[in-house]
$ cat run.cif   # mmCIF, C-alpha atoms and all ligand atoms
data_upload
#
loop_
_atom_site.label_atom_id
_atom_site.label_comp_id
_atom_site.auth_asym_id
_atom_site.auth_seq_id
_atom_site.Cartn_x
_atom_site.Cartn_y
_atom_site.Cartn_z
CA MET R 1 3.50 15.48 -15.19
CA THR R 2 1.49 14.03 -18.06
CA LEU R 3 0.61 10.38 -17.97
CA LYS R 4 -1.36 8.56 -20.63
CA SER R 5 -4.18 6.34 -19.58
CA VAL R 6 -4.64 2.90 -21.13
CA ASN R 7 -7.71 4.14 -23.00
CA GLN R 8 -5.77 6.93 -24.70
CA PHE R 9 -3.86 4.78 -27.17
CA PRO R 10 -4.74 1.86 -29.47
CA VAL R 11 -4.38 -1.61 -27.95
CA THR R 12 -6.49 -3.72 -30.29
CA GLY R 13 -4.55 -6.64 -31.73
CA ARG R 14 -1.41 -5.56 -29.87
CA ARG R 15 0.57 -7.38 -27.20
CA VAL R 16 0.06 -5.32 -24.07
CA PHE R 17 2.53 -5.92 -21.24
CA LEU R 18 0.50 -5.09 -18.12
CA ARG R 19 2.56 -4.90 -14.92
CA VAL R 20 0.21 -5.67 -12.05
CA ASP R 21 0.72 -6.01 -8.32
CA PHE R 22 -0.54 -9.48 -7.45
CA ASN R 23 1.62 -9.60 -4.33
CA VAL R 24 -1.26 -10.85 -2.18
CA PRO R 25 -1.12 -11.95 1.46
CA ARG R 26 -1.16 -15.76 1.72
CA GLU R 27 -1.34 -18.41 4.37
CA LYS R 28 2.14 -19.38 5.56
CA GLY R 29 3.50 -22.36 3.60
CA GLY R 30 0.13 -23.38 2.16
CA GLY R 31 -0.20 -20.55 -0.29
CA LYS R 32 -3.98 -20.05 0.16
CA ILE R 33 -4.79 -16.43 -0.75
CA LEU R 34 -5.99 -14.58 2.36
CA ASP R 35 -7.06 -11.40 0.61
CA ASP R 36 -7.53 -11.00 -3.14
CA THR R 37 -8.17 -7.24 -3.19
CA ARG R 38 -5.11 -6.54 -5.28
CA ILE R 39 -6.25 -9.02 -7.94
CA CYS R 40 -9.81 -7.70 -7.93
CA GLU R 41 -8.61 -4.12 -8.25
CA ALA R 42 -6.71 -4.92 -11.46
CA ILE R 43 -9.72 -6.59 -13.12
CA PRO R 44 -11.19 -3.42 -14.73
CA THR R 45 -8.01 -2.80 -16.74
CA ILE R 46 -7.67 -6.48 -17.70
CA ARG R 47 -11.31 -6.64 -18.77
CA TYR R 48 -10.94 -3.46 -20.78
CA LEU R 49 -7.95 -4.93 -22.61
CA ILE R 50 -9.85 -8.17 -23.30
CA GLU R 51 -12.84 -6.23 -24.61
CA GLN R 52 -10.55 -4.17 -26.83
CA LYS R 53 -9.16 -7.45 -28.21
CA ALA R 54 -5.66 -6.82 -26.98
CA LYS R 55 -3.26 -9.71 -26.34
CA VAL R 56 -2.80 -9.43 -22.59
CA ILE R 57 0.50 -10.29 -20.89
CA LEU R 58 0.34 -9.94 -17.10
CA ALA R 59 3.43 -9.77 -14.93
CA SER R 60 3.84 -9.50 -11.16
CA HIS R 61 6.14 -10.27 -8.29
CA LEU R 62 5.07 -12.28 -5.25
CA GLY R 63 6.80 -12.41 -1.88
CA ARG R 64 10.57 -12.40 -1.55
CA PRO R 65 11.79 -15.67 -3.12
CA LYS R 66 15.50 -16.34 -3.40
CA GLY R 67 15.49 -17.84 -6.86
CA ARG R 68 12.86 -20.28 -8.08
CA ASP R 69 10.63 -21.39 -5.20
CA PRO R 70 7.36 -23.35 -5.67
CA GLU R 71 5.97 -21.80 -2.47
CA GLU R 72 6.16 -18.39 -4.09
CA SER R 73 4.58 -19.42 -7.40
CA LEU R 74 1.81 -17.31 -8.88
CA ILE R 75 -0.13 -20.51 -9.70
CA GLY R 76 -2.70 -19.79 -6.97
CA VAL R 77 -3.12 -16.27 -8.32
CA ALA R 78 -3.56 -17.68 -11.85
CA GLU R 79 -6.38 -19.90 -10.54
CA ARG R 80 -8.08 -17.03 -8.70
CA LEU R 81 -7.73 -14.83 -11.77
CA THR R 82 -9.31 -17.50 -13.97
CA GLU R 83 -12.32 -17.54 -11.63
CA LEU R 84 -12.60 -13.75 -11.54
CA LEU R 85 -12.29 -13.30 -15.30
CA GLY R 86 -14.27 -16.38 -16.24
CA CYS R 87 -11.81 -17.18 -19.00
CA GLU R 88 -8.65 -19.17 -19.53
CA VAL R 89 -5.40 -17.74 -18.16
CA ILE R 90 -2.31 -19.19 -19.79
CA PHE R 91 0.33 -19.75 -17.11
CA PRO R 92 3.86 -20.73 -18.15
CA GLU R 93 6.60 -21.85 -15.76
CA ASP R 94 8.71 -18.75 -16.17
CA CYS R 95 8.55 -15.07 -17.11
CA VAL R 96 11.31 -15.04 -19.75
CA GLY R 97 12.92 -17.54 -22.13
CA ASP R 98 12.12 -18.94 -25.57
CA GLY R 99 9.01 -20.81 -24.47
CA VAL R 100 7.49 -17.72 -22.90
CA TRP R 101 8.47 -15.58 -25.89
CA LYS R 102 6.63 -17.99 -28.20
CA LEU R 103 3.54 -18.12 -25.99
CA ALA R 104 3.41 -14.32 -25.93
CA HIS R 105 3.80 -14.00 -29.67
CA ASP R 106 1.23 -16.72 -30.37
CA LEU R 107 -1.45 -15.06 -28.21
CA ARG R 108 -4.75 -14.50 -29.95
CA GLU R 109 -6.78 -11.32 -29.54
CA GLY R 110 -8.46 -11.21 -26.13
CA GLN R 111 -6.30 -13.98 -24.67
CA VAL R 112 -4.60 -13.62 -21.30
CA LEU R 113 -1.14 -14.82 -20.29
CA LEU R 114 0.14 -14.53 -16.71
CA LEU R 115 3.91 -14.78 -16.36
CA GLU R 116 5.44 -16.67 -13.43
CA ASN R 117 6.82 -14.65 -10.49
CA LEU R 118 9.24 -11.99 -11.77
CA ARG R 119 11.32 -12.33 -8.61
CA PHE R 120 12.32 -15.90 -9.47
CA HIS R 121 15.06 -13.96 -11.28
CA LYS R 122 17.26 -11.80 -9.06
CA GLU R 123 17.75 -9.58 -12.13
CA GLU R 124 14.25 -8.19 -11.57
CA GLU R 125 15.12 -6.34 -8.36
CA LEU R 126 18.63 -5.55 -9.62
CA ASN R 127 17.03 -3.92 -12.66
CA GLU R 128 19.46 -5.77 -14.86
CA PRO R 129 19.38 -4.50 -18.51
CA ASP R 130 19.35 -7.88 -20.32
CA PHE R 131 16.50 -9.14 -18.18
CA ALA R 132 14.61 -5.89 -18.73
CA ALA R 133 15.14 -6.23 -22.47
CA ALA R 134 13.89 -9.83 -22.43
CA LEU R 135 10.69 -8.71 -20.68
CA ALA R 136 10.31 -5.78 -23.07
CA HIS R 137 10.49 -8.10 -26.10
CA LEU R 138 7.31 -9.81 -24.95
CA GLY R 139 5.08 -6.76 -25.46
CA GLU R 140 4.41 -3.96 -27.91
CA VAL R 141 2.71 -1.62 -25.44
CA TYR R 142 3.52 -1.14 -21.73
CA VAL R 143 0.86 -0.41 -19.14
CA THR R 144 1.22 -0.41 -15.38
CA ASP R 145 -1.49 -1.03 -12.85
CA ALA R 146 1.03 -2.04 -10.18
CA PHE R 147 0.50 0.93 -7.90
CA GLY R 148 2.04 -0.90 -4.95
CA ALA R 149 5.31 -1.39 -6.85
CA LEU R 150 5.75 2.09 -8.35
CA HIS R 151 8.19 3.20 -5.66
CA ARG R 152 10.65 0.49 -6.72
CA ALA R 153 13.03 0.91 -9.65
CA HIS R 154 13.03 -2.71 -10.80
CA ALA R 155 13.34 -4.22 -14.29
CA SER R 156 9.57 -4.60 -14.76
CA THR R 157 8.63 -1.23 -13.27
CA VAL R 158 11.40 0.99 -14.66
CA GLY R 159 14.15 -0.84 -16.61
CA MET R 160 12.03 -2.23 -19.43
CA VAL R 161 9.79 0.82 -19.80
CA SER R 162 12.15 3.03 -21.79
CA GLN R 163 11.99 0.49 -24.64
CA PHE R 164 8.33 1.30 -25.32
CA LYS R 165 7.04 4.15 -27.42
CA GLU R 166 3.47 3.55 -26.32
CA LYS R 167 3.09 3.36 -22.53
CA GLY R 168 0.72 4.44 -19.83
CA ILE R 169 -1.24 3.69 -16.67
CA GLY R 170 -4.19 1.40 -16.01
CA PHE R 171 -7.45 2.27 -14.28
CA LEU R 172 -6.24 1.25 -10.82
CA VAL R 173 -3.20 3.52 -10.91
CA GLN R 174 -5.47 6.23 -12.29
CA LYS R 175 -7.88 5.77 -9.39
CA GLU R 176 -5.08 5.81 -6.81
CA LEU R 177 -3.60 9.00 -8.25
CA ASP R 178 -7.03 10.66 -8.42
CA PHE R 179 -7.78 9.98 -4.74
CA LEU R 180 -4.32 10.58 -3.34
CA GLY R 181 -3.78 13.59 -5.61
CA LYS R 182 -7.04 15.13 -4.40
CA LEU R 183 -5.93 14.65 -0.80
CA LEU R 184 -2.78 16.59 -1.47
CA ALA R 185 -4.24 19.24 -3.76
CA ARG R 186 -7.67 20.32 -2.61
CA PRO R 187 -9.03 18.43 0.38
CA GLU R 188 -12.32 19.54 1.90
CA ARG R 189 -11.63 20.80 5.39
CA PRO R 190 -11.15 19.99 8.13
CA PHE R 191 -8.65 17.42 6.89
CA VAL R 192 -7.64 15.04 9.67
CA ALA R 193 -4.81 12.49 9.43
CA VAL R 194 -4.74 9.52 11.80
CA LEU R 195 -1.28 8.00 11.96
CA GLY R 196 -0.18 4.98 13.92
CA GLY R 197 1.64 1.73 13.42
CA ALA R 198 4.92 0.31 14.42
CA LYS R 199 7.79 2.61 13.57
CA VAL R 200 8.35 6.35 13.68
CA SER R 201 11.18 5.98 11.19
CA ASP R 202 8.77 4.54 8.56
CA LYS R 203 6.35 7.41 8.93
CA ILE R 204 8.28 10.50 9.96
CA GLY R 205 8.61 11.83 6.39
CA LEU R 206 4.90 11.33 5.88
CA ILE R 207 3.98 13.13 9.10
CA GLU R 208 6.24 16.01 8.18
CA ASN R 209 4.84 16.39 4.67
CA LEU R 210 1.24 16.12 5.86
CA LEU R 211 1.78 19.03 8.26
CA SER R 212 1.51 21.44 5.33
CA LYS R 213 -1.72 19.79 4.10
CA VAL R 214 -3.85 18.79 7.08
CA ASP R 215 -5.59 20.61 9.90
CA GLU R 216 -5.13 17.96 12.57
CA VAL R 217 -2.93 14.92 13.15
CA LEU R 218 -4.07 12.22 15.57
CA LEU R 219 -1.23 9.96 16.65
CA GLY R 220 -1.51 6.44 18.05
CA GLY R 221 0.17 3.05 17.86
CA ALA R 222 3.74 2.42 18.88
CA LEU R 223 5.02 5.52 17.14
CA ALA R 224 3.09 7.76 19.55
CA TYR R 225 5.42 6.82 22.42
CA THR R 226 8.42 8.43 20.77
CA PHE R 227 6.35 11.63 20.51
CA LEU R 228 5.20 11.35 24.14
CA LYS R 229 8.81 10.90 25.18
CA ALA R 230 9.72 14.01 23.18
CA GLU R 231 7.18 15.88 25.33
CA GLY R 232 8.83 14.53 28.46
CA ILE R 233 5.97 12.15 29.24
CA PRO R 234 7.02 8.76 30.68
CA THR R 235 6.48 5.76 28.38
CA GLY R 236 7.69 2.87 30.56
CA LYS R 237 8.75 -0.13 28.52
CA SER R 238 6.71 0.85 25.45
CA ARG R 239 8.32 0.61 22.06
CA LEU R 240 10.55 3.65 21.56
CA GLU R 241 12.93 4.98 18.94
CA GLU R 242 15.45 6.96 20.97
CA GLU R 243 17.24 8.29 17.91
CA LYS R 244 13.99 9.80 16.60
CA ILE R 245 13.05 11.73 19.72
CA ASN R 246 14.64 14.96 18.51
CA GLN R 247 12.97 14.73 15.14
CA ALA R 248 9.66 14.05 16.86
CA ARG R 249 10.17 17.16 19.00
CA ARG R 250 10.89 19.19 15.87
CA ILE R 251 7.70 17.94 14.23
CA LEU R 252 5.67 18.88 17.30
CA MET R 253 7.15 22.39 17.11
CA LYS R 254 6.53 22.64 13.39
CA GLY R 255 2.93 21.66 14.02
CA LYS R 256 2.55 24.51 16.51
CA GLU R 257 4.08 26.99 14.08
CA ALA R 258 1.83 25.80 11.25
CA GLY R 259 -1.27 25.88 13.45
CA VAL R 260 -1.79 22.13 12.97
CA ALA R 261 -2.99 20.37 16.10
CA ILE R 262 -0.95 17.22 16.73
CA LEU R 263 -2.80 15.13 19.29
CA LEU R 264 -1.09 12.47 21.37
CA PRO R 265 -2.85 9.73 23.33
CA ARG R 266 -3.86 10.91 26.82
CA ASP R 267 -4.66 7.45 28.18
CA HIS R 268 -3.34 4.01 27.36
CA ARG R 269 -4.02 0.32 27.61
CA VAL R 270 -0.87 -1.23 29.05
CA ALA R 271 0.34 -4.72 29.99
CA ASP R 272 3.52 -6.20 31.38
CA ARG R 273 4.07 -8.34 28.29
CA ILE R 274 2.80 -8.72 24.72
CA ALA R 275 0.63 -11.82 24.92
CA SER R 276 -3.05 -12.66 24.56
CA ASP R 277 -3.25 -13.83 28.18
CA ALA R 278 -1.41 -10.82 29.60
CA ILE R 279 -3.30 -8.83 32.20
CA SER R 280 -3.93 -5.34 30.88
CA LYS R 281 -5.24 -2.12 32.37
CA VAL R 282 -6.04 1.43 31.34
CA VAL R 283 -3.80 4.17 32.74
CA ASP R 284 -3.33 7.92 32.29
CA ARG R 285 0.30 7.67 33.23
CA ILE R 286 2.44 4.78 32.00
CA GLY R 287 4.34 3.09 34.83
CA GLY R 288 8.00 2.12 34.67
CA GLU R 289 7.28 -1.55 33.90
CA ASP R 290 4.26 -0.97 31.64
CA ILE R 291 4.18 -1.57 27.88
CA GLY R 292 1.74 0.69 26.06
CA LEU R 293 -0.19 -1.49 23.59
CA ASP R 294 -3.28 0.50 22.66
CA ILE R 295 -4.77 3.95 22.97
CA GLY R 296 -7.14 4.20 25.94
CA PRO R 297 -10.92 4.75 25.81
CA GLU R 298 -10.67 8.46 26.63
CA THR R 299 -8.28 8.98 23.69
CA SER R 300 -10.57 6.92 21.41
CA ARG R 301 -13.50 9.15 22.36
CA GLN R 302 -11.53 12.32 21.78
CA TYR R 303 -10.20 11.13 18.40
CA ALA R 304 -13.65 9.90 17.33
CA GLY R 305 -15.05 13.35 18.12
CA ARG R 306 -12.44 15.01 15.92
CA LEU R 307 -13.14 12.52 13.13
CA GLN R 308 -16.89 13.18 13.28
CA ARG R 309 -16.22 16.81 12.32
CA ALA R 310 -13.72 15.98 9.57
CA LYS R 311 -14.56 16.38 5.88
CA THR R 312 -11.44 14.57 4.67
CA ILE R 313 -9.63 11.75 6.50
CA PHE R 314 -6.43 9.89 5.82
CA TRP R 315 -5.62 6.90 8.00
CA ASN R 316 -2.42 4.90 8.11
CA GLY R 317 -1.24 2.63 10.89
CA PRO R 318 -3.20 0.83 13.62
CA MET R 319 -3.68 2.46 17.03
CA GLY R 320 -2.39 -0.53 18.95
CA PHE R 321 -1.16 -4.09 18.83
CA PHE R 322 -4.47 -5.02 17.19
CA GLU R 323 -3.44 -8.58 16.26
CA ILE R 324 -4.12 -9.43 19.92
CA PRO R 325 -7.84 -8.82 20.60
CA ALA R 326 -7.14 -7.32 24.05
CA PHE R 327 -5.30 -4.46 22.34
CA ALA R 328 -7.58 -4.02 19.30
CA ALA R 329 -10.29 -1.78 20.76
CA GLY R 330 -8.59 1.53 19.87
CA THR R 331 -8.03 0.52 16.25
CA ARG R 332 -11.58 -0.83 16.00
CA GLU R 333 -13.13 2.34 17.42
CA ILE R 334 -11.08 4.61 15.15
CA ALA R 335 -12.05 2.45 12.14
CA ALA R 336 -15.72 2.76 13.13
CA ALA R 337 -15.41 6.53 13.62
CA ILE R 338 -13.84 6.95 10.18
CA ALA R 339 -16.48 4.73 8.56
CA SER R 340 -19.33 6.76 10.08
CA ALA R 341 -17.82 10.24 9.64
CA GLY R 342 -19.39 10.86 6.22
CA ALA R 343 -16.08 12.33 5.07
CA VAL R 344 -13.94 11.52 2.06
CA SER R 345 -11.79 8.82 3.62
CA VAL R 346 -8.63 7.19 2.38
CA VAL R 347 -6.97 4.30 4.18
CA GLY R 348 -3.53 3.00 3.25
CA GLY R 349 -1.04 0.52 4.69
CA GLY R 350 -1.03 -3.27 4.90
CA GLU R 351 -2.04 -3.65 8.53
CA SER R 352 -4.46 -0.71 8.43
CA LEU R 353 -6.33 -2.29 5.52
CA ALA R 354 -6.40 -5.63 7.31
CA ALA R 355 -7.85 -3.90 10.38
CA ILE R 356 -10.53 -2.08 8.35
CA ARG R 357 -11.51 -5.25 6.50
CA SER R 358 -11.59 -7.46 9.55
CA SER R 359 -14.05 -5.03 11.10
CA GLY R 360 -16.22 -5.33 7.96
CA LEU R 361 -16.09 -1.58 7.30
CA GLY R 362 -14.16 -1.66 4.03
CA ASP R 363 -17.11 -0.57 1.92
CA LYS R 364 -17.69 2.50 4.11
CA ILE R 365 -14.31 3.93 3.14
CA SER R 366 -14.07 6.10 0.02
CA HIS R 367 -10.74 4.67 -1.05
CA LEU R 368 -8.71 1.72 0.18
CA SER R 369 -5.26 2.35 -1.21
CA THR R 370 -3.49 -0.76 -2.51
CA GLY R 371 -0.16 1.00 -2.13
CA GLY R 372 1.61 0.39 1.17
CA GLY R 373 5.09 1.89 0.72
CA ALA R 374 4.12 3.49 -2.60
CA THR R 375 1.14 5.28 -1.03
CA LEU R 376 3.27 6.60 1.81
CA GLU R 377 6.03 7.77 -0.52
CA TYR R 378 3.53 9.48 -2.80
CA LEU R 379 1.94 11.30 0.12
CA GLU R 380 5.40 12.18 1.41
CA GLY R 381 5.78 14.12 -1.83
CA LYS R 382 8.43 11.79 -3.25
CA GLU R 383 8.60 11.05 -6.94
CA LEU R 384 7.63 7.46 -7.77
CA PRO R 385 10.21 6.01 -10.20
CA GLY R 386 7.60 3.80 -11.88
CA LEU R 387 5.56 6.89 -12.76
CA LYS R 388 8.44 9.08 -13.76
CA VAL R 389 9.42 6.69 -16.60
CA LEU R 390 5.89 6.95 -17.98
CA GLU R 391 5.90 10.72 -18.31
CA THR R 392 5.33 11.94 -21.82
P1 LIG C 1 0.64 -0.27 8.14
O1 LIG C 1 1.06 -1.59 7.54
O2 LIG C 1 -0.84 -0.10 8.18
O3 LIG C 1 1.37 0.89 7.52
P2 LIG C 1 2.58 -0.56 10.23
O4 LIG C 1 3.23 -1.66 9.48
O5 LIG C 1 3.29 0.74 10.37
O6 LIG C 1 1.10 -0.29 9.67
O7 LIG C 1 2.30 -1.03 11.73
C1 LIG C 1 1.51 -2.12 12.03
C2 LIG C 1 2.00 -2.81 13.26
O8 LIG C 1 2.18 -1.92 14.33
C3 LIG C 1 1.01 -3.84 13.71
O9 LIG C 1 1.52 -5.11 13.43
C4 LIG C 1 0.86 -3.58 15.21
O10 LIG C 1 0.93 -4.75 15.98
C5 LIG C 1 2.02 -2.67 15.52
N1 LIG C 1 1.74 -1.83 16.68
C6 LIG C 1 0.77 -0.90 16.81
N2 LIG C 1 0.77 -0.38 18.05
C7 LIG C 1 1.78 -0.98 18.73
C8 LIG C 1 2.28 -0.86 20.06
N3 LIG C 1 1.75 0.00 20.92
N4 LIG C 1 3.34 -1.64 20.39
C9 LIG C 1 3.89 -2.50 19.51
N5 LIG C 1 3.44 -2.65 18.25
C10 LIG C 1 2.40 -1.91 17.85
MG MG C 2 2.82 -2.78 7.74
#

$ encode --input "run.cif" --output "structure tokens"
Amino acid sequence: MTLKSVNQFPVTGRRVFLRVDFNVPREKGGGKILDDTRICEAIPTIRYLIEQKAKVILASHLGRPKGRDPEESLIGVAERLTELLGCEVIFPEDCVGDGVWKLAHDLREGQVLLLENLRFHKEEELNEPDFAAALAHLGEVYVTDAFGALHRAHASTVGMVSQFKEKGIGFLVQKELDFLGKLLARPERPFVAVLGGAKVSDKIGLIENLLSKVDEVLLGGALAYTFLKAEGIPTGKSRLEEEKINQARRILMKGKEAGVAILLPRDHRVADRIASDAISKVVDRIGGEDIGLDIGPETSRQYAGRLQRAKTIFWNGPMGFFEIPAFAAGTREIAAAIASAGAVSVVGGGESLAAIRSSGLGDKISHLSTGGGATLEYLEGKELPGLKVLET
């Protein structure tokens, strides 16, 4: 697959439509931005375009609005972006229409326009051709830095793209592909994957694909209980996906055949309910009424030992119900072990990134992937629609 990078074609004096992923986590209702990483990560491409005297048109989705909704406006993002760039950001009330068309065509070299939330129009997610055409008419060149949206075939990520002769990827997408591509192609060994989080069904494709790439898989979080169950180990009232038990068993067998060690938690922090004032204890064997909510200290130690020897690490999914401090120790200890391993480390996933950042270890990780679903699908070996349309 050949993709052009934004610095491989002329942008000076041209209207560049830059699809970004400014879908940032915000305070409920209030709209205060809780984490601006996704905005910061797009700055190098935006700055480059400004320096090259392009006319910059930024477009993003935010949240899941049903139609126009002031709570899901990108206005807060526009303000944050103004601060980060130190220049004016023109912010119209919509992303299409005559007014927007005129603003885009009147842009001067080096000026920046941020369109209002693409998802105020249901046509965005439906990838509706007229809407895609209206977006396409705004720009002369198409660039995407919206790594987190590349697994979606929407109007702004796929539909409009075919209308551009000149198109390519920004520096953030380039960086993501470099790191994730290296993981898949030529990782330094041992390569250890730590996988946790809520649902087996979200991650089973990823686990399966990683079996042919990694040397060891360390499992934790809620998804580990489905694997324990597949081994015939009791899991009490822990979260379980009955219909995935067979697939989990198959993966464990595949691991054996491939010589990949798949480690399951050997001790657990359990409680009788999910609450911050619940009484919890560490057990080797989960009782009938117990809910498993974190890996136990013995498992943490064992996993940390494996991570210390690793040369490449991929982590997705917390080891426990880390939002409640009583069940955060496993996740915290694994984060610390990854940060101090001295390996090439890549962390992806919304909650995993939140966990790494809240422990203040973000800058000890080689690459924090902005992807979420896109990162997982890429590592699963799936083709990302938003990249496929950019192939030249
Ligand atoms: P990521 O966003 O990093 O990919 P996921 O969305 O898959 O991670 O999973 C994160 C969620 O998994 C967290 O909200 C956490 O509370 C939950 N979780 C982890 N371990 C457990 C557990 N043992 N029981 C219930 N929920 C869990
Ligand atoms: Mg998540």

$ residues_around --input "run.cif" --residues "range 282-297 of chain R" --least-positions-apart "2" --cutoff "6 Å" --atoms "only C-alpha atoms" --output "ChimeraX atom specification"
/R:235-238,267-272,299-300,319-321,327,330

$ closest_atom_pairs --input "run.cif" --of "chain R" --to "ligand MG 2 (chain C)" --cutoff "10 Å" --atoms "all atoms listed in the file" --output "Markdown table"
| residue | atom | partner | partner_atom | distance |
| --- | --- | --- | --- | --- |
| R:Gly197 | CA | C:MG2 | MG | 7.3 |
| R:Ala198 | CA | C:MG2 | MG | 7.7 |
| R:Lys199 | CA | C:MG2 | MG | 9.4 |
| R:Asp202 | CA | C:MG2 | MG | 9.5 |
| R:Asn316 | CA | C:MG2 | MG | 9.3 |
| R:Gly317 | CA | C:MG2 | MG | 7.5 |
| R:Pro318 | CA | C:MG2 | MG | 9.2 |
| R:Gly348 | CA | C:MG2 | MG | 9.7 |
| R:Gly349 | CA | C:MG2 | MG | 5.9 |
| R:Gly350 | CA | C:MG2 | MG | 4.8 |
| R:Glu351 | CA | C:MG2 | MG | 5.0 |
| R:Ser352 | CA | C:MG2 | MG | 7.6 |
| R:Leu353 | CA | C:MG2 | MG | 9.4 |
| R:Ala354 | CA | C:MG2 | MG | 9.7 |
| R:Gly372 | CA | C:MG2 | MG | 7.4 |
| R:Gly373 | CA | C:MG2 | MG | 8.7 |

$ write_last_selection --input "run.cif" --atoms "C-alpha atoms" --output "short mmCIF file (atom, residue, chain, number, x, y, z; two decimals), keeping the file's coordinate frame"
data_model
loop_
_atom_site.label_atom_id
_atom_site.label_comp_id
_atom_site.auth_asym_id
_atom_site.auth_seq_id
_atom_site.Cartn_x
_atom_site.Cartn_y
_atom_site.Cartn_z
CA GLY R 197 1.64 1.73 13.42
CA ALA R 198 4.92 0.31 14.42
CA LYS R 199 7.79 2.61 13.57
CA ASP R 202 8.77 4.54 8.56
CA ASN R 316 -2.42 4.90 8.11
CA GLY R 317 -1.24 2.63 10.89
CA PRO R 318 -3.20 0.83 13.62
CA GLY R 348 -3.53 3.00 3.25
CA GLY R 349 -1.04 0.52 4.69
CA GLY R 350 -1.03 -3.27 4.90
CA GLU R 351 -2.04 -3.65 8.53
CA SER R 352 -4.46 -0.71 8.43
CA LEU R 353 -6.33 -2.29 5.52
CA ALA R 354 -6.40 -5.63 7.31
CA GLY R 372 1.61 0.39 1.17
CA GLY R 373 5.09 1.89 0.72
#

$ closest_residue --input "run.cif" --among "R:Ala355, R:Leu223, R:Leu3, R:Leu361" --to "Val389 in chain R" --atoms "all atoms listed in the file"
R:Leu3

$ residues_near_point --input "run.cif" --point "(-7.1, 16.7, 7.8)" --cutoff "8 Å" --atoms "all atoms listed in the file" --output "tab-separated table (two decimals) with C-alpha atoms, keeping the file's coordinate frame"
chain	number	residue	atom	x	y	z
R	187	PRO	CA	-9.03	18.43	0.38
R	189	ARG	CA	-11.63	20.80	5.39
R	190	PRO	CA	-11.15	19.99	8.13
R	191	PHE	CA	-8.65	17.42	6.89
R	192	VAL	CA	-7.64	15.04	9.67
R	193	ALA	CA	-4.81	12.49	9.43
R	213	LYS	CA	-1.72	19.79	4.10
R	214	VAL	CA	-3.85	18.79	7.08
R	215	ASP	CA	-5.59	20.61	9.90
R	216	GLU	CA	-5.13	17.96	12.57
R	217	VAL	CA	-2.93	14.92	13.15
R	310	ALA	CA	-13.72	15.98	9.57
R	311	LYS	CA	-14.56	16.38	5.88
R	312	THR	CA	-11.44	14.57	4.67
R	313	ILE	CA	-9.63	11.75	6.50
R	314	PHE	CA	-6.43	9.89	5.82

$ closest_residue --input "run.cif" --among "R:Leu264, R:Ala336, R:Ala104, R:Ile274" --to "Gln302 in chain R" --atoms "only C-alpha atoms"
R:Leu264

$ residues_around --input "run.cif" --residues "range 210-212 of chain R" --least-positions-apart "6" --cutoff "9 Å" --atoms "only C-alpha atoms" --output "PyMOL selection string"
chain R and resi 184+193+251+254-255+258+260+379-380

$ closest_residue --input "run.cif" --among "R:Thr226, R:Thr37, R:Asn23, R:Gln111" --to "ligand LIG 1 (chain C)" --atoms "only C-alpha atoms and all ligand atoms"
R:Thr226

$ atom_distance --input "run.cif" --atom1 "CA of Glu298 in chain R" --atom2 "CA of Ile338 in chain R"
16.8 Å

$ atom_distance --input "run.cif" --atom1 "atom O9 of ligand LIG 1 (chain C)" --atom2 "CA of Ala222 in chain R"
9.6 Å

$ residues_around --input "run.cif" --residues "Val158 in chain R" --least-positions-apart "2" --cutoff "12 Å" --atoms "only C-alpha atoms" --output "compact mmCIF listing (two decimals) with C-alpha atoms, in the coordinates of the input"
# COMPACT_ATOMS: atom_id res chain seq x y z
CA ARG R 19 2.56 -4.90 -14.92
CA GLU R 124 14.25 -8.19 -11.57
CA GLU R 125 15.12 -6.34 -8.36
CA LEU R 126 18.63 -5.55 -9.62
CA ASN R 127 17.03 -3.92 -12.66
CA GLU R 128 19.46 -5.77 -14.86
CA PRO R 129 19.38 -4.50 -18.51
CA PHE R 131 16.50 -9.14 -18.18
CA ALA R 132 14.61 -5.89 -18.73
CA ALA R 133 15.14 -6.23 -22.47
CA LEU R 135 10.69 -8.71 -20.68
CA ALA R 136 10.31 -5.78 -23.07
CA TYR R 142 3.52 -1.14 -21.73
CA VAL R 143 0.86 -0.41 -19.14
CA THR R 144 1.22 -0.41 -15.38
CA ALA R 146 1.03 -2.04 -10.18
CA ALA R 149 5.31 -1.39 -6.85
CA LEU R 150 5.75 2.09 -8.35
CA HIS R 151 8.19 3.20 -5.66
CA ARG R 152 10.65 0.49 -6.72
CA ALA R 153 13.03 0.91 -9.65
CA HIS R 154 13.03 -2.71 -10.80
CA ALA R 155 13.34 -4.22 -14.29
CA SER R 156 9.57 -4.60 -14.76
CA MET R 160 12.03 -2.23 -19.43
CA VAL R 161 9.79 0.82 -19.80
CA SER R 162 12.15 3.03 -21.79
CA GLN R 163 11.99 0.49 -24.64
CA PHE R 164 8.33 1.30 -25.32
CA LYS R 167 3.09 3.36 -22.53
CA LEU R 384 7.63 7.46 -7.77
CA PRO R 385 10.21 6.01 -10.20
CA GLY R 386 7.60 3.80 -11.88
CA LEU R 387 5.56 6.89 -12.76
CA LYS R 388 8.44 9.08 -13.76
CA VAL R 389 9.42 6.69 -16.60
CA LEU R 390 5.89 6.95 -17.98
CA GLU R 391 5.90 10.72 -18.31

$ atom_distance --input "run.cif" --atom1 "CA of Ile39 in chain R" --atom2 "CA of Leu177 in chain R"
18.2 Å

$ closest_residue --input "run.cif" --among "R:Leu263, R:Ile57, R:Leu219, R:Ala78" --to "ligand LIG 1 (chain C)" --atoms "all atoms listed in the file"
R:Leu219

$ residues_around --input "run.cif" --residues "Lys55 in chain R" --least-positions-apart "4" --cutoff "9 Å" --atoms "only C-alpha atoms" --output "list in words"
Val11, Thr12, Gly13, Arg14, Arg15, Val16, Phe17, Leu49, Ile50, Ala104, His105, Leu107, Arg108, Glu109, Gly110, Gln111, Val112, Leu113 and Gly139 of chain R
